[in-house]
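J.: Structure incoming, see below.
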Amino acid sequence: MRVLNAIGAVWSRDLKRIVRNRAAMISSLVIPGLFVLAFYAAFSPSAEAVGFDYPTYLAPSGMLQAIIFTSGGSALAIALDAENGIHDRVRTCPAPMWALALGRVAADVTRMGWSGGVVVLLAIALGVQCDTSPGSLLALVALGLGVTVILCAGVDGLCLLARRPSSAALFFQSLTIALLMFSTAYVPAALLPDWIAPLIRHVPISPILETARSFMAGRGAGEAGGEALIWLVVLSGAAFYGLTTGLSRSHHDDR
């Protein structure tokens, strides 16, 4: 019961902080959709001219963009808590540190819920085609949830392990956005130059996106599913090790 209370307290505190921050709320609700609209306006006319369903191709990228913004907000929040000594005070409580980690991740998933909901509504308005069978929808939700948890926990852990967590949070937010561009998020690998296409196909983000697109088409995990699963397992282990280790460190004396 003590652990559940600790998880609930962290979850509630983080959500209240997001809701009270008008800029954070606007960014979580508006910016991912703006990215989708910007790329749709730029590439959809050319794609439709050759019979390519670009809105359906773009939808998973929009969701991943929302996850990246969620992880960026999470990293900055947890970095400020560390630098302000919040984690040092929490360590004096009887609840284990992994309960703090779960509460933080639960808040991230909740924030991603409303950010992703906006992207889903926008995708429907753009005419995205998706297999609506229970198996495909459940697989898409599970994949989105897993990526959200892994990315948020991973970026949070990396920031906490840095000497200046808030500076690291800003750096990793920019880095994850750059990695999204360096993937099959907006342009299929088949349309890229031969010298870089193989590399782009195997950037961790690319097989995850291709797996989501395969689920949307009702084809199961597809050819990229195995590689995506391997990346998710490896990254999840590293993410939670980094997060729990980072939460155990004291940053109050490093400032």
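Within each chain, counting starts at residue 1; across the structure tokens, chains are named A, B, ... in the order shown, with ligands numbered 1 upward in that order.
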For stretch 162-178 of chain A, please output as a ChimeraX atom specification all residues within 6 Å (counting only C-alpha atoms; exclusion window: fewer than 2 positions along the same chain).
T.: /A:72,75-76,79,159-160,180-181
J.: Please give the complete set of residues from stretch 129-193 of chain A that DSSP, run on the backbone, assigns to alpha helix (DSSP H), formatted as a PyMOL selection string.
T.: chain A and resi 134-161+165-181
J.: Would you list the contacts of A:Gly220 as a CSV table (one decimal) with N, CA and C atoms, in the first residue's frame, taking every protein, DNA or RNA residue within 10 Å and counting only C-alpha atoms, but skipping same-chain residues closer than 5 positions in sequence?
T.:
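This is the output file result_13.csv:
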chain,number,residue,atom,x,y,z
A,135,GLY,N,-7.1,-7.2,-32.9
A,135,GLY,CA,-5.7,-7.6,-32.8
A,135,GLY,C,-4.8,-6.5,-33.2
A,136,SER,N,-5.1,-5.9,-34.4
A,136,SER,CA,-4.2,-4.8,-34.9
A,136,SER,C,-4.2,-3.6,-34.0
A,139,ALA,N,-2.3,-4.3,-30.8
A,139,ALA,CA,-0.9,-4.3,-31.1
A,139,ALA,C,-0.3,-2.9,-31.2
A,211,THR,N,7.1,-1.5,-38.3
A,211,THR,CA,6.2,-2.4,-37.6
A,211,THR,C,4.8,-1.8,-37.4
A,212,ALA,N,4.8,-0.6,-36.9
A,212,ALA,CA,3.5,0.1,-36.7
A,212,ALA,C,2.7,0.2,-38.0
A,213,ARG,N,3.4,0.5,-39.1
A,213,ARG,CA,2.7,0.6,-40.4
A,213,ARG,C,2.2,-0.8,-40.9
A,214,SER,N,2.9,-1.9,-40.5
A,214,SER,CA,2.5,-3.2,-40.9
A,214,SER,C,1.2,-3.6,-40.1
A,215,PHE,N,1.2,-3.2,-38.8
A,215,PHE,CA,0.0,-3.5,-38.0
A,215,PHE,C,-1.2,-2.7,-38.6
A,225,GLY,N,9.4,-6.6,-37.7
A,225,GLY,CA,8.9,-6.8,-36.4
A,225,GLY,C,10.0,-7.4,-35.5
J.: Taking only C-alpha atoms into account, name the residue in A:Ala49, A:Val19, A:Leu209, A:Val233 that is nearest to A:Gly144.
T.: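 Ranked by minimum distance to A:Gly144, first place goes to A:Leu209.
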J.: Measuring atom to atom with only C-alpha atoms, identify which of A:Leu158, A:Leu34, A:Leu58, A:Leu192 is nearest to A:Thr245.
T.: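 Using only C-alpha atoms, A:Thr245 sits closest to A:Leu158.
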